[in-house]
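This is coords_7.cif (mmCIF, C-alpha atoms).
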```
data_structure
loop_
_atom_site.label_atom_id
_atom_site.label_comp_id
_atom_site.auth_asym_id
_atom_site.auth_seq_id
_atom_site.Cartn_x
_atom_site.Cartn_y
_atom_site.Cartn_z
CA MET A 1 -15.84 -15.71 6.08
CA ASN A 2 -19.02 -15.28 8.05
CA PRO A 3 -21.84 -14.25 5.69
CA THR A 4 -23.01 -11.83 8.35
CA ALA A 5 -20.54 -9.12 9.21
CA SER A 6 -19.88 -8.40 12.87
CA PRO A 7 -21.62 -5.14 13.79
CA ALA A 8 -19.54 -2.47 15.45
CA THR A 9 -21.63 -2.94 18.60
CA ASP A 10 -20.12 -6.41 19.01
CA ALA A 11 -16.62 -5.00 19.34
CA PRO A 12 -15.01 -5.01 22.78
CA PRO A 13 -15.00 -1.74 24.70
CA ALA A 14 -12.25 0.66 23.81
CA GLN A 15 -8.96 -0.16 25.52
CA PRO A 16 -6.89 2.46 27.31
CA TYR A 17 -4.06 2.18 24.85
CA PRO A 18 -0.96 4.21 25.71
CA PRO A 19 -0.25 7.15 23.43
CA VAL A 20 1.46 6.06 20.22
CA PRO A 21 5.11 7.03 20.69
CA ARG A 22 6.85 8.89 17.92
CA VAL A 23 10.42 9.99 17.60
CA ALA A 24 11.16 13.20 15.70
CA ARG A 25 12.73 12.48 12.33
CA GLN A 26 16.18 13.81 11.51
CA PRO A 27 17.75 14.48 8.10
CA ALA A 28 20.55 11.99 8.82
CA ARG A 29 19.45 8.49 7.91
CA ALA A 30 22.03 6.14 9.42
CA ALA A 31 20.65 2.62 9.33
CA VAL A 32 20.52 -0.41 11.57
CA ARG A 33 19.45 -3.86 10.42
CA VAL A 34 16.79 -6.22 11.74
CA ARG A 35 16.01 -9.76 10.59
CA HIS A 36 12.88 -9.83 8.47
CA ASP A 37 11.31 -12.62 10.53
CA ASP A 38 11.92 -10.64 13.72
CA LEU A 39 10.19 -7.63 12.22
CA LEU A 40 7.22 -9.78 11.23
CA ASP A 41 7.00 -11.23 14.75
CA PHE A 42 7.13 -7.78 16.33
CA VAL A 43 4.59 -6.08 14.06
CA ALA A 44 2.22 -9.05 14.31
CA ALA A 45 2.45 -8.85 18.11
CA VAL A 46 1.67 -5.12 17.98
CA PHE A 47 -1.42 -5.77 15.87
CA THR A 48 -2.61 -8.47 18.27
CA THR A 49 -2.49 -5.90 21.08
CA ARG A 50 -5.13 -4.01 19.10
CA GLY A 51 -7.37 -7.10 18.98
CA LEU A 52 -6.44 -8.62 15.62
CA ALA A 53 -6.42 -12.43 15.47
CA PRO A 54 -2.87 -13.85 15.30
CA GLU A 55 -3.11 -15.24 11.77
CA ARG A 56 -4.56 -12.00 10.46
CA ALA A 57 -1.95 -10.01 12.37
CA ARG A 58 0.80 -12.03 10.69
CA GLU A 59 -0.65 -11.38 7.22
CA ALA A 60 -0.97 -7.68 7.99
CA ALA A 61 2.59 -7.56 9.30
CA ALA A 62 3.89 -9.13 6.08
CA ALA A 63 2.03 -6.54 4.02
CA LEU A 64 3.40 -3.65 6.08
CA CYS A 65 6.99 -4.92 6.29
CA TYR A 66 7.00 -5.53 2.52
CA GLY A 67 7.60 -1.82 2.03
CA ASP A 68 10.87 -1.87 3.96
CA LEU A 69 11.85 -5.26 2.55
CA VAL A 70 11.77 -4.04 -1.05
CA GLY A 71 12.89 -0.47 -0.38
CA MET A 72 9.52 1.33 -0.57
CA THR A 73 10.12 2.74 2.88
CA SER A 74 7.49 5.48 2.60
CA HIS A 75 4.86 2.71 2.66
CA GLY A 76 6.48 0.52 5.29
CA LEU A 77 7.03 0.61 9.04
CA ALA A 78 7.08 4.40 9.11
CA ASN A 79 3.29 4.17 8.85
CA LEU A 80 2.78 1.82 11.80
CA THR A 81 2.41 4.61 14.36
CA ARG A 82 1.37 7.32 11.93
CA LEU A 83 -1.41 5.54 10.07
CA TYR A 84 -2.38 2.05 11.18
CA LEU A 85 -2.42 2.16 14.97
CA PRO A 86 -4.43 5.40 15.00
CA LEU A 87 -7.02 3.67 12.78
CA PHE A 88 -7.51 1.09 15.54
CA ASP A 89 -7.41 3.58 18.37
CA GLU A 90 -9.96 5.88 16.69
CA GLY A 91 -12.33 2.99 15.97
CA ARG A 92 -11.99 3.36 12.20
CA VAL A 93 -10.75 -0.23 11.92
CA ASP A 94 -12.70 -3.09 13.48
CA PRO A 95 -10.26 -5.84 14.53
CA LEU A 96 -13.14 -8.31 14.80
CA ALA A 97 -14.64 -7.55 11.39
CA GLU A 98 -15.80 -10.52 9.34
CA PRO A 99 -15.97 -9.58 5.64
CA SER A 100 -19.22 -10.70 4.10
CA VAL A 101 -20.15 -11.72 0.55
CA LEU A 102 -22.86 -9.45 -0.84
CA ALA A 103 -22.97 -11.00 -4.31
CA ASP A 104 -21.39 -14.11 -5.82
CA ARG A 105 -21.52 -14.72 -9.55
CA GLY A 106 -18.83 -17.38 -9.74
CA ALA A 107 -16.01 -15.51 -11.39
CA ALA A 108 -17.03 -12.23 -9.73
CA VAL A 109 -17.62 -11.51 -6.04
CA LEU A 110 -18.72 -8.38 -4.18
CA LEU A 111 -17.29 -8.23 -0.67
CA ASP A 112 -18.04 -5.90 2.22
CA ALA A 113 -14.85 -5.63 4.29
CA ASP A 114 -16.80 -4.06 7.18
CA ARG A 115 -13.83 -1.91 8.26
CA ALA A 116 -11.39 -4.81 8.43
CA LEU A 117 -7.73 -3.87 8.35
CA GLY A 118 -6.89 -3.38 4.67
CA LEU A 119 -3.39 -4.82 5.11
CA TRP A 120 -5.12 -8.16 5.72
CA ALA A 121 -8.38 -7.79 3.79
CA ALA A 122 -6.72 -6.98 0.46
CA GLY A 123 -4.78 -10.22 0.66
CA LEU A 124 -7.98 -12.09 1.43
CA ALA A 125 -9.62 -10.55 -1.64
CA MET A 126 -6.74 -11.62 -3.88
CA GLU A 127 -6.78 -15.15 -2.47
CA ILE A 128 -10.48 -15.42 -3.32
CA ALA A 129 -9.84 -13.97 -6.78
CA ALA A 130 -7.05 -16.49 -7.44
CA GLY A 131 -9.28 -19.34 -6.28
CA ARG A 132 -12.01 -18.31 -8.70
CA ALA A 133 -9.47 -17.84 -11.50
CA SER A 134 -8.30 -21.41 -11.05
CA THR A 135 -11.84 -22.49 -12.00
CA TYR A 136 -12.97 -19.82 -14.44
CA GLY A 137 -9.70 -18.48 -15.83
CA VAL A 138 -10.41 -15.13 -14.21
CA GLY A 139 -11.48 -14.08 -10.74
CA LEU A 140 -12.63 -10.62 -9.67
CA VAL A 141 -13.32 -9.49 -6.13
CA SER A 142 -14.75 -6.00 -5.68
CA VAL A 143 -14.49 -4.67 -2.13
CA ARG A 144 -16.30 -1.91 -0.28
CA GLY A 145 -15.91 -0.83 3.34
CA GLY A 146 -12.14 -1.20 3.20
CA THR A 147 -9.30 0.58 4.95
CA HIS A 148 -5.75 1.44 3.86
CA LEU A 149 -4.09 -1.60 2.27
CA GLY A 150 -0.42 -0.55 2.20
CA CYS A 151 1.70 -1.44 -0.83
CA ALA A 152 -0.67 -2.59 -3.57
CA GLY A 153 2.17 -4.58 -5.14
CA HIS A 154 2.36 -6.92 -2.15
CA HIS A 155 -1.23 -8.00 -2.70
CA ALA A 156 -0.93 -8.22 -6.49
CA LEU A 157 2.07 -10.53 -6.03
CA ARG A 158 -0.11 -13.11 -4.28
CA ALA A 159 -1.55 -14.02 -7.68
CA VAL A 160 1.95 -14.61 -9.03
CA GLU A 161 2.43 -17.33 -6.40
CA TYR A 162 -0.23 -19.28 -8.33
CA GLY A 163 1.27 -18.54 -11.74
CA MET A 164 -1.35 -15.87 -12.40
CA VAL A 165 -1.44 -12.19 -13.27
CA GLY A 166 -2.66 -10.03 -10.39
CA VAL A 167 -4.19 -6.56 -10.47
CA ILE A 168 -5.00 -4.38 -7.46
CA ALA A 169 -6.69 -0.99 -7.80
CA SER A 170 -7.68 1.12 -4.79
CA ASN A 171 -9.29 4.48 -4.32
CA CYS A 172 -8.92 6.51 -1.12
CA GLY A 173 -12.52 6.33 -0.02
CA ARG A 174 -13.91 9.78 0.64
CA GLN A 175 -10.48 11.37 1.01
CA ARG A 176 -9.65 13.94 -1.69
CA ILE A 177 -6.03 14.82 -2.30
CA ALA A 178 -5.53 15.87 -5.94
CA ARG A 179 -7.40 18.40 -8.09
CA PRO A 180 -8.66 17.67 -11.60
CA PRO A 181 -6.71 19.60 -14.25
CA GLY A 182 -8.14 23.09 -14.17
CA GLY A 183 -9.99 22.42 -10.91
CA ALA A 184 -9.80 24.55 -7.78
CA VAL A 185 -10.62 21.83 -5.23
CA ALA A 186 -9.31 18.31 -4.57
CA MET A 187 -11.61 15.59 -5.91
CA LEU A 188 -9.69 12.30 -5.96
CA GLY A 189 -7.14 10.42 -3.91
CA THR A 190 -3.76 9.19 -5.08
CA ASN A 191 -5.62 6.09 -6.38
CA PRO A 192 -2.84 3.50 -6.66
CA ILE A 193 -2.82 0.57 -9.06
CA SER A 194 -0.57 -2.47 -9.26
CA VAL A 195 -0.10 -5.19 -11.87
CA ALA A 196 2.07 -8.21 -11.11
CA ALA A 197 2.95 -11.09 -13.41
CA PRO A 198 5.22 -14.14 -13.53
CA ALA A 199 8.38 -13.54 -15.54
CA GLY A 200 9.35 -17.09 -16.43
CA GLY A 201 12.17 -17.58 -13.95
CA HIS A 202 13.17 -13.92 -13.86
CA PRO A 203 12.08 -11.72 -10.95
CA PRO A 204 8.32 -11.11 -11.16
CA PHE A 205 7.06 -8.01 -12.92
CA VAL A 206 5.48 -5.69 -10.34
CA LEU A 207 4.15 -2.29 -11.34
CA ASP A 208 3.06 -0.48 -8.18
CA MET A 209 2.24 3.19 -8.63
CA SER A 210 0.05 6.03 -7.55
CA THR A 211 -1.69 7.92 -10.33
CA THR A 212 -0.45 11.19 -8.87
CA ALA A 213 3.11 12.32 -9.55
CA MET A 214 4.12 10.94 -6.14
CA PRO A 215 2.20 9.25 -3.33
CA THR A 216 1.59 11.38 -0.27
CA GLY A 217 3.65 8.98 1.84
CA ARG A 218 6.77 9.82 -0.14
CA VAL A 219 6.03 13.55 0.02
CA ARG A 220 5.72 13.38 3.80
CA GLN A 221 8.80 11.21 4.10
CA ALA A 222 10.73 13.83 2.14
CA ALA A 223 9.37 16.53 4.45
CA ARG A 224 10.48 14.62 7.57
CA HIS A 225 13.96 14.18 6.12
CA GLY A 226 14.27 17.72 4.79
CA ASP A 227 14.64 16.48 1.20
CA VAL A 228 13.95 18.68 -1.83
CA LEU A 229 11.35 17.36 -4.25
CA PRO A 230 11.86 17.44 -8.02
CA GLU A 231 9.74 19.87 -9.98
CA GLY A 232 6.50 18.37 -11.24
CA VAL A 233 5.32 16.87 -7.93
CA LEU A 234 3.82 19.91 -6.21
CA ALA A 235 2.57 23.26 -7.43
CA GLY A 236 1.25 26.42 -5.83
CA ASP A 237 -2.13 27.91 -6.61
CA ASP A 238 -0.41 30.08 -9.19
CA GLY A 239 0.81 26.97 -11.00
CA ALA A 240 4.47 27.55 -10.15
CA PRO A 241 6.44 24.44 -9.16
CA VAL A 242 7.10 23.91 -5.44
CA THR A 243 10.01 21.76 -4.29
CA ASP A 244 9.61 22.18 -0.52
CA ALA A 245 7.96 18.92 0.57
CA ALA A 246 6.64 20.49 3.77
CA ALA A 247 4.51 22.85 1.67
CA PHE A 248 1.98 20.09 1.00
CA ASP A 249 0.83 19.57 4.59
CA GLU A 250 1.24 23.28 5.32
CA GLY A 251 -1.32 24.09 2.61
CA ARG A 252 1.13 25.99 0.40
CA ALA A 253 1.08 23.50 -2.48
CA HIS A 254 -1.11 20.82 -4.02
CA LEU A 255 -0.20 17.43 -5.46
CA LEU A 256 0.01 17.01 -9.24
CA TRP A 257 -0.92 14.11 -11.48
CA LEU A 258 1.45 11.82 -13.33
CA GLY A 259 2.64 13.20 -16.64
CA GLY A 260 3.62 16.72 -15.68
CA GLN A 261 1.99 19.75 -17.19
CA ALA A 262 1.92 18.31 -20.72
CA GLY A 263 0.63 14.87 -19.76
CA GLN A 264 -1.48 15.56 -16.68
CA TYR A 265 -4.67 14.35 -18.33
CA LYS A 266 -3.11 10.88 -18.62
CA GLY A 267 -2.41 10.70 -14.90
CA PHE A 268 -5.80 12.20 -14.10
CA GLY A 269 -7.48 9.76 -16.47
CA LEU A 270 -5.76 6.84 -14.76
CA GLY A 271 -6.90 8.20 -11.40
CA VAL A 272 -10.50 8.35 -12.61
CA ALA A 273 -10.16 4.83 -14.07
CA VAL A 274 -9.07 3.52 -10.67
CA GLU A 275 -12.01 5.32 -9.05
CA VAL A 276 -14.32 3.52 -11.48
CA LEU A 277 -12.77 0.09 -10.93
CA ALA A 278 -12.31 0.37 -7.19
CA ALA A 279 -15.26 2.44 -5.96
CA LEU A 280 -17.92 2.75 -8.65
CA VAL A 281 -18.03 -1.02 -9.19
CA SER A 282 -18.06 -1.89 -5.49
CA GLY A 283 -20.24 0.92 -4.15
CA ALA A 284 -17.50 2.23 -1.84
CA GLY A 285 -17.03 5.84 -0.80
CA LEU A 286 -16.48 8.20 -3.72
CA GLY A 287 -13.82 10.85 -3.82
CA ALA A 288 -15.47 12.51 -6.79
CA HIS A 289 -18.67 13.59 -5.08
CA PRO A 290 -20.49 16.95 -4.80
CA ASP A 291 -19.50 17.00 -1.11
CA ALA A 292 -15.98 17.87 -2.28
CA HIS A 293 -17.04 21.10 -3.97
CA ASP A 294 -16.87 23.10 -0.75
CA GLY A 295 -13.16 22.29 -0.26
CA ASP A 296 -10.53 24.97 0.02
CA GLY A 297 -8.18 23.44 -2.54
CA GLY A 298 -6.26 21.29 -0.07
CA PRO A 299 -6.91 17.69 1.00
CA SER A 300 -10.34 17.08 2.46
CA GLY A 301 -12.43 14.19 3.74
CA ARG A 302 -11.19 10.97 5.35
CA ASP A 303 -10.02 7.72 3.85
CA ASP A 304 -12.95 5.71 5.21
CA ASP A 305 -15.00 3.23 3.14
CA ILE A 306 -12.14 2.60 0.72
CA GLY A 307 -12.93 0.52 -2.34
CA PHE A 308 -10.56 -1.81 -4.07
CA LEU A 309 -10.57 -4.34 -6.84
CA ALA A 310 -8.59 -7.58 -6.78
CA LEU A 311 -8.31 -9.30 -10.15
CA ALA A 312 -6.53 -12.56 -10.91
CA VAL A 313 -6.07 -13.84 -14.47
CA ALA A 314 -4.96 -17.43 -15.04
CA PRO A 315 -3.37 -17.66 -18.51
CA GLY A 316 -2.85 -21.38 -17.99
CA ALA A 317 -6.62 -21.86 -18.03
CA LEU A 318 -6.70 -20.40 -21.54
CA ARG A 319 -3.57 -21.69 -23.25
CA GLU A 320 -0.24 -23.43 -22.83
CA GLY A 321 3.16 -21.81 -23.10
CA MET A 322 2.63 -18.61 -21.13
CA GLU A 323 5.59 -19.29 -18.82
CA GLY A 324 7.97 -19.75 -21.73
CA ASP A 325 6.68 -16.63 -23.44
CA ALA A 326 7.12 -14.67 -20.21
CA ALA A 327 10.71 -15.87 -19.95
CA THR A 328 11.32 -14.71 -23.52
CA MET A 329 9.62 -11.35 -23.05
CA PHE A 330 11.25 -10.35 -19.77
CA GLY A 331 14.57 -11.88 -20.75
CA ALA A 332 14.52 -9.75 -23.90
CA LEU A 333 13.91 -6.62 -21.83
CA LEU A 334 16.81 -7.47 -19.52
CA GLY A 335 18.99 -8.19 -22.53
CA CYS A 336 18.25 -4.90 -24.27
CA PRO A 337 21.56 -3.16 -25.12
CA PRO A 338 21.83 -0.26 -22.64
CA ALA A 339 22.58 3.29 -23.65
CA ASP A 340 24.90 3.43 -20.64
CA PRO A 341 26.84 0.17 -20.10
CA GLY A 342 26.94 0.95 -16.38
CA SER A 343 23.13 1.06 -16.16
CA PRO A 344 21.63 -2.15 -17.58
CA VAL A 345 17.97 -2.24 -18.52
CA SER A 346 15.49 -3.66 -16.03
CA TYR A 347 11.73 -3.55 -15.50
CA PRO A 348 9.38 -2.73 -12.58
CA GLY A 349 9.82 -5.28 -9.82
CA TRP A 350 13.33 -6.42 -10.77
CA HIS A 351 15.23 -4.18 -8.37
CA GLU A 352 12.67 -4.73 -5.62
CA HIS A 353 13.01 -8.51 -5.93
CA ARG A 354 16.81 -8.38 -5.74
CA ARG A 355 16.65 -5.95 -2.84
CA ALA A 356 14.26 -8.24 -0.95
CA GLU A 357 16.57 -11.21 -1.47
CA GLN A 358 19.49 -9.24 -0.05
CA HIS A 359 17.50 -7.96 2.91
CA ARG A 360 16.31 -11.45 3.81
CA ARG A 361 19.94 -12.52 3.97
CA SER A 362 21.54 -9.55 5.71
CA GLY A 363 18.62 -7.93 7.54
CA VAL A 364 16.17 -5.19 6.67
CA PRO A 365 17.74 -1.71 6.98
CA LEU A 366 15.82 0.74 9.14
CA ALA A 367 16.69 4.35 9.81
CA THR A 368 17.92 4.66 13.39
CA ASP A 369 15.16 7.09 14.29
CA LEU A 370 12.54 4.66 12.98
CA TYR A 371 14.06 1.85 15.01
CA ASP A 372 13.99 4.12 18.07
CA GLU A 373 10.32 4.70 17.37
CA LEU A 374 9.67 0.94 17.25
CA ALA A 375 11.62 0.46 20.47
CA ALA A 376 9.51 3.15 22.16
CA LEU A 377 6.36 1.44 20.89
CA ALA A 378 7.61 -1.88 22.25
CA ALA A 379 8.18 -0.35 25.67
CA ALA A 380 4.74 1.28 25.66
CA THR A 381 2.99 -1.98 24.76
CA GLY A 382 5.00 -4.35 26.94
CA LEU A 383 6.72 -6.09 24.03
CA ASP A 384 10.36 -6.78 23.28
CA ALA A 385 11.80 -4.61 20.53
CA PRO A 386 13.10 -6.58 17.52
CA ALA A 387 16.76 -7.43 17.98
CA LEU A 388 19.39 -5.73 15.87
CA VAL A 389 21.55 -7.73 13.52
CA VAL A 390 25.07 -7.71 14.93
CA GLU A 391 27.77 -7.19 12.31
CA ARG A 392 30.46 -9.87 12.45
#
```

As structure tokens:
Amino acid sequence: MNPTASPATDAPPAQPYPPVPRVARQPARAAVRVRHDDLLDFVAAVFTTRGLAPERAREAAAALCYGDLVGMTSHGLANLTRLYLPLFDEGRVDPLAEPSVLADRGAAVLLDADRALGLWAAGLAMEIAAGRASTYGVGLVSVRGGTHLGCAGHHALRAVEYGMVGVIASNCGRQRIARPPGGAVAMLGTNPISVAAPAGGHPPFVLDMSTTAMPTGRVRQAARHGDVLPEGVLAGDDGAPVTDAAAFDEGRAHLLWLGGQAGQYKGFGLGVAVEVLAALVSGAGLGAHPDAHDGDGGPSGRDDDIGFLALAVAPGALREGMEGDAATMFGALLGCPPADPGSPVSYPGWHEHRRAEQHRRSGVPLATDLYDELAALAAATGLDAPALVVER
């Protein structure tokens, strides 16, 4: 890292990028399959066309493709043309950004991401945190000036590679999406948090969740596919449940917190806690700010100057035997007698790990319309579309 961040004036002049192609989504979701490595190569190449260095582009591609690899498709490749490329094309991401250290206290670091692509910068923050944890037993990197980081679980899992516990918490910068209980305007983002831990030979534990009842990506995915949402995700201004996913972006419904009507203060409290950890500590953009008071009840602001916290805890620096205890703990959960013999007990991360293993073997499934979108993007940028896996 360069201690002096690259100013925006050092960036190359804007390129005449072709319009980002999009293919209208259809309710039918027939799938094709693409090798994971081919997807990584393609997405990394796309990011390099926007000026990102090859090694950073590869890290960012891995973070984005993780969503499709583990089945969290609302946070995967569907966002390439909808979220990430527009950030480059609008100048809200600086491909040449060099994150700079603003404060270094050994176990704790304050980092200015300087509008670096969050898909890459969040991984950098966790790598620094894990390095400090190897010395101090704990490492904390607080980041300001960030951009959207994708699946928080992908970045938390980097700590697990070192036998550590990883925590990622991110606010949404100055974007407001959800209202406080009893409030008439949106004040906070979906404020995701992830905790990942080694499981002693079992698939790693990975909790990756928004603090709202559903992340906006899943709401919009449901709207594109014409799916009906369960009650408890959206509500109208009169408090009545809304199950039409399209109502969110049409301004006819607002997003609720985790916990439903009875437990909404728990979800809201978690959202505020993430805002504290991710933005108040780092000095990033605040969702909860008086500027939000003039909102009309719907989403307002933009997700610029996102803050996030990367925390790595190294139990091995404190005691011996953690790995064996983890094997016992997670093995006991998996061995819990199920109420339904056809539905064995698992824990967060188990299904995703198994799904990723399968997809690495047989190819990552993509909806045909999404693949068509990637093929159109390839044609527009002069790249080869990732090859389909041919069934034998």

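Nearest to Val46 (chain A) of all the residues A:Arg92, A:Leu85, A:Tyr265, A:Arg319 is A:Leu85, based on all atoms listed in the file.
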
Report the distance between CA of Asp38 (chain A) and CA of Pro54 (chain A) in Å, rounded to one decimal place.
->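 Calculated distance between CA of Asp38 (chain A) and CA of Pro54 (chain A) is 15.2 Å.
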
Hey, can you check how far CA of Gln358 (chain A) sits from CA of Pro204 (chain A)?
->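 Result for CA of Gln358 (chain A) versus CA of Pro204 (chain A): 15.9 Å, one decimal.
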
Choose the residue, out of A:Ala31, A:Val185, A:Leu64, A:Ala116, that has the smallest atom-to-atom separation from His293 (chain A); count all atoms listed in the file.
-> A:Val185

For Ala292 (chain A), which residue among A:Ala184, A:Ala108, A:Leu124, A:Ala247 is the nearest when counting only C-alpha atoms?
->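 Looking at the shortest contact to Ala292 (chain A), the residue is A:Ala184.
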
Pick from A:Ala317, A:Met187, A:Ala103, A:Val43: nearest to Leu80 (chain A), with all atoms listed in the file counted?
-> A:Val43

Nearby residues (all atoms listed in the file) at most 9 Å from region 276-284 of chain A, same-chain spacing under 4 positions excluded, as a list in words =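 Close residues of region 276-284 of chain A: Leu110, Leu111, Asp112, Val141, Ser142, Val143, Arg144, Gly145, Gly146, Ile168, Ala169, Ser170, Asn171, Cys172, Gly173, Arg174, Asn191, Gly271, Val272, Asp305, Ile306, Gly307, Phe308, Leu309 and Ala310 of chain A.
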
Using the chain letters and numbers from the file, give me the residues hit by the PyMOL selection byres ((chain A and resi 73) around 10), as a ChimeraX atom specification.
-> /A:64-72,74-79,217-218,221,365-367

Within 12 Å of file point (9.0, -2.8, 21.3), counting all atoms listed in the file, expressed as a list in words =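 Those within range, by chain then number, are Val20, Pro21, Asp38, Leu39, Asp41, Phe42, Val43, Ala44, Ala45, Val46, Thr49, Leu370, Tyr371, Asp372, Glu373, Leu374, Ala375, Ala376, Leu377, Ala378, Ala379, Ala380, Thr381, Gly382, Leu383, Asp384, Ala385, Pro386 and Ala387 of chain A.
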
Mind checking which residues fall within 7 Å of Ala122 (chain A), counting only C-alpha atoms, ignoring those fewer than 4 positions away in the same chain, and posting them as a JSON list (two decimals) with C-alpha atoms, keeping the file's coordinate frame?
```json
[["chain", "number", "residue", "atom", "x", "y", "z"],
["A", 118, "GLY", "CA", -6.89, -3.38, 4.67],
["A", 126, "MET", "CA", -6.74, -11.62, -3.88],
["A", 149, "LEU", "CA", -4.09, -1.60, 2.27],
["A", 155, "HIS", "CA", -1.23, -8.00, -2.70]]
```

Between CA of Trp257 (chain A) and CA of Gln175 (chain A), distance in Å (one decimal) | 16.0 Å

Which residue of A:Leu188, A:Gly321, A:Thr328, A:Ala178 approaches Leu256 (chain A) most closely, using only C-alpha atoms |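 Comparing A:Leu188, A:Gly321, A:Thr328, A:Ala178 against Leu256 (chain A), the winner is A:Ala178.
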